[in-house]
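Text of the file upload_25.cif, holding mmCIF, C-alpha atoms and all ligand atoms:
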data_my_file
#
loop_
_atom_site.label_atom_id
_atom_site.label_comp_id
_atom_site.auth_asym_id
_atom_site.auth_seq_id
_atom_site.Cartn_x
_atom_site.Cartn_y
_atom_site.Cartn_z
CA MET A 7 0.00 0.00 0.00
CA SER A 8 1.33 3.40 -0.85
CA ILE A 9 0.98 6.60 1.12
CA GLU A 10 -1.77 8.93 0.03
CA LYS A 11 -1.14 12.65 0.40
CA LYS A 12 -4.11 15.03 0.20
CA TRP A 13 -4.82 18.69 0.80
CA PHE A 14 -6.78 18.91 4.06
CA GLY A 15 -7.40 22.63 4.43
CA THR A 16 -5.86 25.97 5.25
CA THR A 17 -5.10 27.47 8.63
CA ALA A 18 -6.59 30.85 9.55
CA ASP A 19 -3.23 32.44 8.69
CA GLY A 20 -3.25 30.87 5.23
CA THR A 21 -0.93 27.87 5.59
CA ASP A 22 -1.89 24.76 3.63
CA VAL A 23 -2.37 21.63 5.68
CA TYR A 24 -1.96 18.13 4.21
CA SER A 25 -3.07 14.70 5.30
CA TYR A 26 -1.02 11.54 4.84
CA THR A 27 -2.83 8.23 4.95
CA ILE A 28 -0.87 5.09 5.75
CA GLY A 29 -2.46 1.67 5.48
CA ASN A 30 -1.71 -1.99 6.00
CA LYS A 31 -2.65 -5.22 4.26
CA ASN A 32 -5.60 -5.78 6.62
CA GLY A 33 -7.35 -2.60 5.56
CA MET A 34 -6.42 -0.62 8.64
CA ARG A 35 -5.62 3.06 7.90
CA ALA A 36 -4.24 5.99 9.88
CA VAL A 37 -4.66 9.58 8.72
CA ILE A 38 -1.97 11.97 9.90
CA LEU A 39 -2.03 15.75 9.49
CA THR A 40 0.76 18.26 9.19
CA TYR A 41 -1.32 20.48 11.53
CA GLY A 42 -0.40 19.59 15.10
CA GLY A 43 1.14 16.38 13.75
CA ALA A 44 -2.34 15.09 14.47
CA LEU A 45 -3.60 11.55 14.26
CA GLN A 46 -6.83 12.67 12.61
CA ALA A 47 -8.52 9.32 11.96
CA LEU A 48 -7.85 5.65 12.61
CA TYR A 49 -9.88 3.14 10.64
CA VAL A 50 -10.16 -0.31 12.19
CA LYS A 51 -12.32 -3.31 11.23
CA ASP A 52 -14.77 -4.46 13.88
CA VAL A 53 -15.88 -8.07 14.50
CA HIS A 54 -18.72 -7.70 12.00
CA GLY A 55 -16.27 -6.69 9.26
CA LYS A 56 -17.37 -3.05 9.35
CA THR A 57 -14.64 -0.41 9.23
CA ARG A 58 -14.90 2.26 11.92
CA ASP A 59 -12.99 5.42 12.68
CA VAL A 60 -12.13 4.96 16.36
CA LEU A 61 -11.07 8.56 17.06
CA ALA A 62 -13.28 11.38 18.26
CA GLY A 63 -12.10 14.61 16.66
CA PHE A 64 -12.49 16.86 13.66
CA ASP A 65 -12.67 16.57 9.91
CA ASP A 66 -11.98 20.21 9.08
CA MET A 67 -9.43 22.87 9.94
CA GLU A 68 -11.97 25.10 11.62
CA GLY A 69 -12.60 22.37 14.18
CA PHE A 70 -8.90 21.90 14.85
CA GLU A 71 -8.28 25.63 15.21
CA GLN A 72 -11.42 26.81 16.97
CA ARG A 73 -13.03 23.96 18.87
CA SER A 74 -10.11 21.81 19.90
CA SER A 75 -9.48 20.14 23.24
CA TYR A 76 -6.27 18.72 21.75
CA GLN A 77 -8.07 16.01 19.74
CA GLY A 78 -5.43 13.78 18.11
CA VAL A 79 -2.59 16.28 18.20
CA LEU A 80 1.00 15.95 19.35
CA VAL A 81 1.78 17.82 22.56
CA GLY A 82 5.06 19.43 23.64
CA ARG A 83 7.41 20.74 24.81
CA TYR A 84 5.93 19.70 28.08
CA CYS A 85 2.59 17.88 27.97
CA ASN A 86 0.26 18.00 30.97
CA ARG A 87 0.92 20.60 33.66
CA ILE A 88 3.70 22.68 35.12
CA ALA A 89 2.53 24.34 38.34
CA ASP A 90 2.67 28.14 38.45
CA GLY A 91 3.96 28.24 34.86
CA SER A 92 7.54 28.41 35.94
CA PHE A 93 10.54 26.19 36.59
CA THR A 94 14.23 26.46 37.34
CA VAL A 95 17.09 24.79 35.51
CA GLY A 96 20.75 25.37 36.36
CA GLY A 97 19.85 28.24 38.68
CA LYS A 98 17.86 30.06 36.00
CA THR A 99 14.10 30.46 36.28
CA TYR A 100 11.92 30.28 33.17
CA ASP A 101 8.41 31.66 32.99
CA VAL A 102 6.36 29.66 30.54
CA THR A 103 2.89 30.28 29.14
CA ARG A 104 0.21 30.21 31.85
CA ASN A 105 -2.66 29.11 29.65
CA GLU A 106 -4.81 27.47 32.31
CA ASN A 107 -6.61 29.88 34.63
CA GLY A 108 -3.74 32.30 34.17
CA VAL A 109 -1.64 30.18 36.51
CA THR A 110 -0.69 26.79 35.14
CA CYS A 111 1.19 25.86 31.99
CA LEU A 112 -0.96 23.21 30.26
CA HIS A 113 0.37 21.21 27.32
CA GLY A 114 3.38 23.46 26.87
CA GLY A 115 1.11 26.38 26.02
CA GLY A 116 -0.20 24.56 22.94
CA GLU A 117 2.60 25.47 20.56
CA PHE A 118 3.33 21.96 19.23
CA SER A 119 -0.37 21.20 18.83
CA ARG A 120 -0.98 24.29 16.68
CA ALA A 121 2.21 24.14 14.64
CA VAL A 122 2.21 23.00 11.02
CA TRP A 123 4.79 20.21 10.94
CA GLU A 124 6.91 19.18 7.96
CA ALA A 125 5.99 15.73 6.71
CA ARG A 126 8.10 13.18 4.86
CA PRO A 127 6.96 9.71 3.82
CA LEU A 128 9.59 7.22 5.01
CA ALA A 129 8.35 3.94 3.66
CA GLU A 130 5.08 2.58 2.38
CA ASN A 131 3.71 2.49 5.89
CA ALA A 132 5.46 5.34 7.72
CA VAL A 133 5.41 9.13 7.84
CA GLU A 134 7.84 11.37 9.66
CA LEU A 135 6.80 14.75 11.04
CA ARG A 136 9.31 17.39 12.05
CA TYR A 137 9.01 20.64 13.91
CA THR A 138 11.62 23.06 15.20
CA SER A 139 10.51 25.16 18.13
CA PRO A 140 12.41 28.44 18.29
CA ASP A 141 14.51 29.43 21.30
CA GLY A 142 12.20 30.96 23.90
CA ALA A 143 8.93 29.70 22.38
CA GLU A 144 6.23 29.73 25.10
CA GLY A 145 9.06 30.74 27.44
CA PHE A 146 11.03 27.47 27.16
CA PRO A 147 14.82 27.63 26.86
CA GLY A 148 16.77 26.69 23.72
CA GLU A 149 15.76 25.71 20.21
CA MET A 150 14.12 22.30 20.19
CA GLU A 151 13.97 19.95 17.22
CA THR A 152 11.37 17.22 17.32
CA ALA A 153 10.65 14.32 14.97
CA VAL A 154 7.77 11.90 15.33
CA VAL A 155 7.41 8.87 13.07
CA TYR A 156 4.02 7.20 12.70
CA THR A 157 4.31 3.61 11.42
CA LEU A 158 1.42 1.23 10.77
CA THR A 159 2.45 -2.42 10.66
CA ASP A 160 0.74 -5.45 9.15
CA GLU A 161 0.32 -6.64 12.74
CA ASN A 162 -2.21 -3.79 13.18
CA GLU A 163 0.14 -1.81 15.38
CA LEU A 164 0.35 1.98 15.07
CA ILE A 165 3.75 2.96 16.44
CA LEU A 166 4.75 6.49 17.43
CA ASP A 167 8.50 7.03 17.67
CA TYR A 168 9.49 10.32 19.25
CA LYS A 169 12.89 11.94 19.04
CA ALA A 170 13.85 15.39 20.28
CA ARG A 171 16.84 17.51 21.13
CA CYS A 172 17.14 20.97 22.63
CA THR A 173 20.06 23.40 22.49
CA ALA A 174 19.63 24.20 26.20
CA ASP A 175 19.14 22.06 29.30
CA SER A 176 15.38 21.64 29.59
CA TYR A 177 12.47 19.42 30.49
CA ILE A 178 11.04 17.38 27.62
CA ASN A 179 7.70 15.61 27.84
CA LEU A 180 5.91 14.63 24.63
CA THR A 181 2.69 12.82 23.96
CA ASN A 182 -0.17 12.32 21.56
CA HIS A 183 -3.64 13.41 22.67
CA ALA A 184 -5.94 11.09 20.68
CA TYR A 185 -9.46 10.61 22.06
CA PHE A 186 -10.34 6.96 21.42
CA ASN A 187 -13.84 5.66 21.04
CA LEU A 188 -13.60 2.00 20.06
CA GLY A 189 -17.29 1.98 19.23
CA GLY A 190 -16.55 4.53 16.52
CA PHE A 191 -16.50 8.32 16.78
CA ASP A 192 -20.25 8.42 16.13
CA SER A 193 -21.24 5.85 18.76
CA GLY A 194 -21.85 8.01 21.84
CA ASP A 195 -19.90 7.81 25.07
CA ILE A 196 -17.12 5.44 26.12
CA LEU A 197 -18.54 4.43 29.52
CA ASN A 198 -19.14 0.82 28.45
CA THR A 199 -15.61 0.40 27.13
CA GLU A 200 -13.67 -2.03 29.30
CA LEU A 201 -10.31 -0.76 30.37
CA LEU A 202 -7.35 -2.41 32.03
CA ILE A 203 -4.35 -0.43 33.29
CA ARG A 204 -1.29 -2.15 34.67
CA ALA A 205 -0.67 0.34 37.43
CA SER A 206 -0.93 -0.14 41.16
CA HIS A 207 -0.46 3.57 41.90
CA TYR A 208 -1.70 6.89 40.61
CA LEU A 209 -1.13 10.56 41.40
CA PRO A 210 -3.92 12.40 43.21
CA THR A 211 -4.12 16.09 42.30
CA ASP A 212 -5.14 19.32 43.97
CA GLU A 213 -7.87 21.67 42.71
CA ARG A 214 -5.46 22.97 40.02
CA SER A 215 -4.99 19.39 38.72
CA ILE A 216 -1.39 19.47 39.94
CA PRO A 217 -0.11 16.27 41.61
CA THR A 218 -0.03 16.71 45.38
CA GLY A 219 3.10 14.58 45.66
CA GLU A 220 1.26 11.59 47.08
CA VAL A 221 1.67 8.37 45.13
CA ARG A 222 -1.55 6.58 46.04
CA ASN A 223 -2.21 2.86 45.93
CA VAL A 224 -5.26 2.06 43.76
CA THR A 225 -6.30 -0.92 45.87
CA GLY A 226 -9.89 -0.62 47.02
CA THR A 227 -10.49 2.60 45.05
CA ALA A 228 -12.32 3.54 41.85
CA PHE A 229 -8.87 4.02 40.30
CA ASP A 230 -8.08 0.31 40.28
CA PHE A 231 -8.11 -0.89 36.65
CA ARG A 232 -5.75 -3.83 37.18
CA ASP A 233 -8.66 -6.10 36.31
CA ALA A 234 -10.54 -4.88 33.26
CA LYS A 235 -13.77 -3.04 34.05
CA PRO A 236 -16.08 -0.68 32.17
CA ILE A 237 -14.78 2.89 32.41
CA GLY A 238 -18.20 3.95 33.66
CA ARG A 239 -18.47 1.37 36.45
CA ASP A 240 -16.89 3.48 39.20
CA ILE A 241 -16.64 6.87 37.49
CA GLY A 242 -19.53 8.21 39.57
CA ALA A 243 -18.13 6.92 42.88
CA GLN A 244 -18.04 9.30 45.86
CA ASP A 245 -14.29 9.72 45.56
CA ASP A 246 -12.98 13.25 46.06
CA GLN A 247 -10.46 12.80 43.24
CA LEU A 248 -13.20 11.85 40.77
CA LEU A 249 -15.46 14.64 41.99
CA LEU A 250 -12.66 17.19 41.64
CA CYS A 251 -11.97 16.26 38.01
CA ARG A 252 -15.53 15.24 36.96
CA GLY A 253 -14.12 11.79 36.14
CA TYR A 254 -10.69 10.34 35.50
CA ASP A 255 -8.00 12.89 34.68
CA HIS A 256 -5.01 11.42 36.45
CA ASN A 257 -1.55 10.09 35.88
CA TYR A 258 -1.05 6.38 36.42
CA CYS A 259 2.40 5.21 37.52
CA LEU A 260 2.79 2.25 35.21
CA ASP A 261 3.99 -1.07 36.62
CA LYS A 262 6.63 -2.34 34.24
CA ARG A 263 5.97 -5.92 33.22
CA GLY A 264 8.29 -6.81 30.39
CA ASN A 265 6.57 -6.65 27.06
CA GLU A 266 3.06 -6.76 28.46
CA PRO A 267 0.83 -3.88 27.40
CA ALA A 268 0.57 -1.03 29.91
CA ALA A 269 -3.14 -0.76 29.12
CA GLU A 270 -5.87 -2.52 27.14
CA ALA A 271 -9.28 -1.31 26.05
CA TYR A 272 -12.15 -3.36 24.66
CA CYS A 273 -15.47 -2.24 23.25
CA PRO A 274 -18.12 -4.99 23.64
CA ALA A 275 -20.35 -3.50 20.92
CA THR A 276 -17.74 -3.65 18.15
CA GLY A 277 -15.38 -6.26 19.57
CA ILE A 278 -12.51 -3.87 18.89
CA ARG A 279 -9.63 -4.40 21.31
CA MET A 280 -6.62 -2.13 21.61
CA GLN A 281 -3.42 -2.66 23.54
CA LEU A 282 -1.08 0.15 24.49
CA PHE A 283 2.68 -0.28 24.81
CA THR A 284 5.07 2.36 26.04
CA ASP A 285 8.55 2.82 27.44
CA LEU A 286 7.45 5.86 29.48
CA PRO A 287 6.80 5.72 33.23
CA GLY A 288 3.38 7.40 33.26
CA MET A 289 0.06 7.60 31.49
CA GLN A 290 -2.67 10.19 31.95
CA LEU A 291 -6.11 8.65 31.76
CA TYR A 292 -8.48 11.41 30.70
CA THR A 293 -12.10 10.50 30.11
CA GLY A 294 -13.15 13.62 28.23
CA ASN A 295 -14.74 15.08 31.37
CA PHE A 296 -14.76 18.65 30.10
CA LEU A 297 -16.10 18.05 26.58
CA GLN A 298 -19.22 20.13 26.12
CA GLY A 299 -20.66 19.32 22.75
CA ALA A 300 -18.12 20.94 20.41
CA LEU A 301 -19.05 19.92 16.87
CA GLY A 302 -16.74 17.24 15.57
CA LYS A 303 -16.57 14.84 12.62
CA LYS A 304 -19.67 14.84 10.40
CA GLY A 305 -20.97 17.79 12.48
CA LEU A 306 -21.73 15.51 15.45
CA PRO A 307 -21.30 17.04 18.91
CA MET A 308 -18.68 15.63 21.27
CA TYR A 309 -20.23 15.53 24.71
CA ARG A 310 -18.72 14.55 28.03
CA HIS A 311 -16.99 11.13 27.80
CA ALA A 312 -17.15 11.05 23.97
CA GLY A 313 -13.63 9.62 24.03
CA PHE A 314 -10.87 8.55 26.36
CA CYS A 315 -7.20 9.54 26.18
CA LEU A 316 -4.27 7.39 27.19
CA GLU A 317 -1.53 10.01 27.20
CA THR A 318 1.80 8.28 27.77
CA GLN A 319 4.26 10.63 29.45
CA TYR A 320 6.60 11.46 32.28
CA TYR A 321 4.63 12.34 35.39
CA PRO A 322 3.11 15.83 35.39
CA ASP A 323 4.92 18.70 37.08
CA THR A 324 8.26 16.85 37.27
CA PRO A 325 10.19 20.16 37.36
CA HIS A 326 8.82 20.63 40.90
CA ARG A 327 9.05 17.00 41.95
CA PRO A 328 12.63 15.76 42.10
CA GLU A 329 11.33 12.44 43.45
CA PHE A 330 9.48 11.70 40.17
CA PRO A 331 11.36 10.06 37.25
CA SER A 332 13.31 12.88 35.66
CA CYS A 333 12.73 14.25 32.18
CA LEU A 334 15.44 16.88 32.37
CA TYR A 335 17.58 16.63 29.23
CA LYS A 336 20.99 18.20 28.86
CA ALA A 337 21.65 20.52 25.93
CA GLY A 338 22.18 18.31 22.87
CA GLU A 339 21.07 15.15 24.65
CA VAL A 340 18.65 13.09 22.58
CA TYR A 341 15.20 12.25 23.96
CA THR A 342 13.66 9.12 22.43
CA SER A 343 10.54 7.22 23.29
CA ARG A 344 8.07 4.82 21.74
CA THR A 345 4.36 4.32 22.31
CA SER A 346 2.19 2.04 20.23
CA PHE A 347 -1.45 1.14 19.87
CA LYS A 348 -2.07 -2.41 18.73
CA PHE A 349 -5.42 -3.75 17.58
CA VAL A 350 -5.79 -7.44 18.35
C1 LIG B 1 -5.81 17.13 30.67
C2 LIG B 1 -7.22 17.60 30.89
C3 LIG B 1 -7.56 18.59 29.81
C4 LIG B 1 -7.37 17.92 28.47
C5 LIG B 1 -7.61 18.85 27.30
C6 LIG B 1 -5.74 16.46 29.35
O1 LIG B 1 -4.45 16.01 29.11
O2 LIG B 1 -5.36 16.28 31.71
O3 LIG B 1 -7.37 18.19 32.17
O4 LIG B 1 -8.88 19.05 29.94
O5 LIG B 1 -6.07 17.41 28.36
O6 LIG B 1 -6.80 19.95 27.38
#

Final C-alpha cells representation of the file:
Amino acid sequence: MSIEKKWFGTTADGTDVYSYTIGNKNGMRAVILTYGGALQALYVKDVHGKTRDVLAGFDDMEGFEQRSSYQGVLVGRYCNRIADGSFTVGGKTYDVTRNENGVTCLHGGGEFSRAVWEARPLAENAVELRYTSPDGAEGFPGEMETAVVYTLTDENELILDYKARCTADSYINLTNHAYFNLGGFDSGDILNTELLIRASHYLPTDERSIPTGEVRNVTGTAFDFRDAKPIGRDIGAQDDQLLLCRGYDHNYCLDKRGNEPAAEAYCPATGIRMQLFTDLPGMQLYTGNFLQGALGKKGLPMYRHAGFCLETQYYPDTPHRPEFPSCLYKAGEVYTSRTSFKFV
C-alpha cells in the first residue's frame, strides 16, 4: 500500500495543511495531518467486518483551530501541567505560558499542537513529522527539534517514535492526545468500554490538577483498573479525586511488566480491542470530562466522555518534583521514546 497525500485545508493564517494516509494489508488506515502532527482518523475493522474510525475529533481545519481540546494532536514541549507556569534549571528560572486559569502551563502552552509540521513519507507504511521550536517559544529555553514517526504495521500496530533535542538544558515531555472511542467516533460515550491499566499507583491532584506529591495505591479505590472493568463502572463513585476532576483525569504510575501492554481497552459492541505499549513511566487517563458538545466529525457534537485519552508521558509537574522520574535533558542530549497502539 502506498501513502496517500491530500490537501486537508488551510489554517486561519493561510498555511496549507496536508493529510497523509498510511495503510496496511488488513485494511487498517491511519490519517496523519501536518497540523499539530495530528492523528486525525484511525480506521479499524470491527468483529462484523465493518470499518470504523475509532477517534473522536475533527474533519476540518476550523474544528482543529477553533473547537479543539487537543483532539489527536502531538503535545510538547511539556505535555500535561507545570505548576505556576515556571521552573528552574541550572539556577535560571523560566516563565512559561500560563494558559490554564492564568496560573498553570498546560500542554506546553499549545505550541506543538498548533504548529504545522513538515511531513516526509519514510516507507510505504510510515510518515515522519518534524518541527523546530524556536529558542524561547512559550518561554522554554533553547531551540528544540522534534521528529515523530508514525508507522502502521501489518500486525495492526500503530507505532509512534518520538525523538527530540534541545540546544539548552530543559524538560522534555511529549505525547499524543488522541481521544479513542472504540465503538466509533459516532457511537456516543465510552462508559461501556472495558479498560485495564497495569498500574498499582496513581497521582492524586489538587484543585489545580497538579499532583499533590502523594503516590496513592489504587487498591480498594475507583482508580483500580488492574482487572478490566467498564470505564463507567466506578466513574460516579463518591471519591474526592473523581469529583474534583468530573471523572478520571489522572496520571497512572505504570507497573513495568516486560513486554506486556501497559493498558488494554475493549469495546463490547464492536469487539474492537486495543493494547497500548510504552517505554514511558506514566500515562494520563483522561475520560473527556470537560467536553461540552463541540461539533466534531460529520458535524456531530462531542459531549462529556465522547472519548478517552491514554496520554503516555513522564509524570506531570516533574520540574517541581525531584522524586518523580526525571525528564530533564541536557543541551544536545537526545530524547527518544516509543508508544504504540495495537489492535488485536
Ligand atoms: C488534561 C485535561 C484537559 C485535556 C484537554 C488532558 O491532558 O489532563 O485536564 O482538559 O487534556 O486539554

Which protein, DNA or RNA residues have an atom within 10 Å of ligand LIG 1 (chain B), counting all atoms listed in the file, as a PyMOL selection string?
-> chain A and resi 74-77+81+85-87+106+112-113+116+181-185+214-216+251-252+254-257+289-297+314-317+322

Sorted per-residue table, segment 45-163 of chain A near segment 28-38 of chain A, closest atoms and distance, 10 Å, all atoms listed in the file, as CSV:
residue,atom,partner,partner_atom,distance
A:Leu45,CA,A:Ile38,CA,4.7
A:Gln46,CA,A:Val37,CA,5.4
A:Ala47,CA,A:Val37,CA,5.0
A:Leu48,CA,A:Ala36,CA,4.5
A:Tyr49,CA,A:Arg35,CA,5.1
A:Val50,CA,A:Met34,CA,5.2
A:Lys51,CA,A:Met34,CA,7.0
A:Thr57,CA,A:Met34,CA,8.2
A:Arg58,CA,A:Met34,CA,9.5
A:Asp59,CA,A:Arg35,CA,9.1
A:Gly78,CA,A:Ile38,CA,9.1
A:Val79,CA,A:Ile38,CA,9.4
A:Ala125,CA,A:Ile38,CA,9.4
A:Pro127,CA,A:Ile28,CA,9.3
A:Ala129,CA,A:Ile28,CA,9.5
A:Glu130,CA,A:Ile28,CA,7.3
A:Asn131,CA,A:Ile28,CA,5.3
A:Ala132,CA,A:Ile28,CA,6.6
A:Val133,CA,A:Ile28,CA,7.8
A:Glu134,CA,A:Ile38,CA,9.8
A:Leu135,CA,A:Ile38,CA,9.3
A:Tyr156,CA,A:Ile38,CA,8.2
A:Thr157,CA,A:Ile28,CA,7.8
A:Leu158,CA,A:Asn30,CA,6.6
A:Thr159,CA,A:Asn30,CA,6.3
A:Asp160,CA,A:Asn30,CA,5.3
A:Glu161,CA,A:Asn30,CA,8.4
A:Asn162,CA,A:Met34,CA,7.0
A:Glu163,CA,A:Met34,CA,9.5

So which residues fall inside 10 Å of (10.5, -0.8, 21.8) if we count all atoms listed in the file? Mind giving them as JSON, numbers by chain?
-> {"A": [165, 167, 265, 283, 284, 285, 343, 344, 345, 346]}

Just to be explicit: take each residue in the selection above, keep C-alpha atoms, and write the result as a compact mmCIF listing (two decimals), in the coordinates of the input.
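Output below, filename result-v6.txt:
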# COMPACT_ATOMS: atom_id res chain seq x y z
CA ILE A 165 3.75 2.96 16.44
CA ASP A 167 8.50 7.03 17.67
CA ASN A 265 6.57 -6.65 27.06
CA PHE A 283 2.68 -0.28 24.81
CA THR A 284 5.07 2.36 26.04
CA ASP A 285 8.55 2.82 27.44
CA SER A 343 10.54 7.22 23.29
CA ARG A 344 8.07 4.82 21.74
CA THR A 345 4.36 4.32 22.31
CA SER A 346 2.19 2.04 20.23

Which polymer residues have any atom within 12 Å of an atom of Asp19 of chain A, counting only C-alpha atoms, with same-chain residues fewer than 3 positions away left out, as a ChimeraX atom specification?
-> /A:15-16,22-23,67-68,71,120-122

Selection: 10 Å around Met150 of chain A, only C-alpha atoms, excl. self and same-chain fewer than 6 positions, as a PDB file with C-alpha atoms, in the frame of the given file:
ATOM      1  CA  ARG A  83       7.410  20.740  24.810  1.00  0.00           C
ATOM      2  CA  TYR A 137       9.010  20.640  13.910  1.00  0.00           C
ATOM      3  CA  THR A 138      11.620  23.060  15.200  1.00  0.00           C
ATOM      4  CA  SER A 139      10.510  25.160  18.130  1.00  0.00           C
ATOM      5  CA  PRO A 140      12.410  28.440  18.290  1.00  0.00           C
ATOM      6  CA  ASP A 141      14.510  29.430  21.300  1.00  0.00           C
ATOM      7  CA  GLY A 142      12.200  30.960  23.900  1.00  0.00           C
ATOM      8  CA  ALA A 143       8.930  29.700  22.380  1.00  0.00           C
ATOM      9  CA  ALA A 170      13.850  15.390  20.280  1.00  0.00           C
ATOM     10  CA  ARG A 171      16.840  17.510  21.130  1.00  0.00           C
ATOM     11  CA  CYS A 172      17.140  20.970  22.630  1.00  0.00           C
ATOM     12  CA  THR A 173      20.060  23.400  22.490  1.00  0.00           C
ATOM     13  CA  ALA A 174      19.630  24.200  26.200  1.00  0.00           C
ATOM     14  CA  SER A 176      15.380  21.640  29.590  1.00  0.00           C
ATOM     15  CA  ILE A 178      11.040  17.380  27.620  1.00  0.00           C
ATOM     16  CA  ALA A 337      21.650  20.520  25.930  1.00  0.00           C
ATOM     17  CA  GLY A 338      22.180  18.310  22.870  1.00  0.00           C
TER      18      GLY A 338
END

If you take every atom of segment 243-248 of chain A that the file lists and fit an axis-aligned box around them with 5 Å extra on each side, what centre and edge lengths come out in Å to one decimal, as JSON?
{"center_x": -14.3, "center_y": 10.1, "center_z": 43.4, "size_x": 17.7, "size_y": 16.3, "size_z": 15.3}

Using all atoms listed in the file, the shortest atom-to-atom distance to Arg136 of chain A among A:Arg263, A:Lys12, A:Lys169, A:Lys304 belongs to A:Lys169

Given the choices A:Gly43, A:Gly305, A:Pro210, A:Gly114, which gets closest to Leu250 of chain A if the distance is worked out from all atoms listed in the file?
->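 Of the candidates, the smallest distance to Leu250 of chain A is held by A:Pro210.
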
One-decimal distance in Å that lies between atom CA of Ala205 of chain A and atom CA of Val224 of chain A |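 According to the coordinates, atom CA of Val224 of chain A and atom CA of Ala205 of chain A are separated by 8.0 Å.
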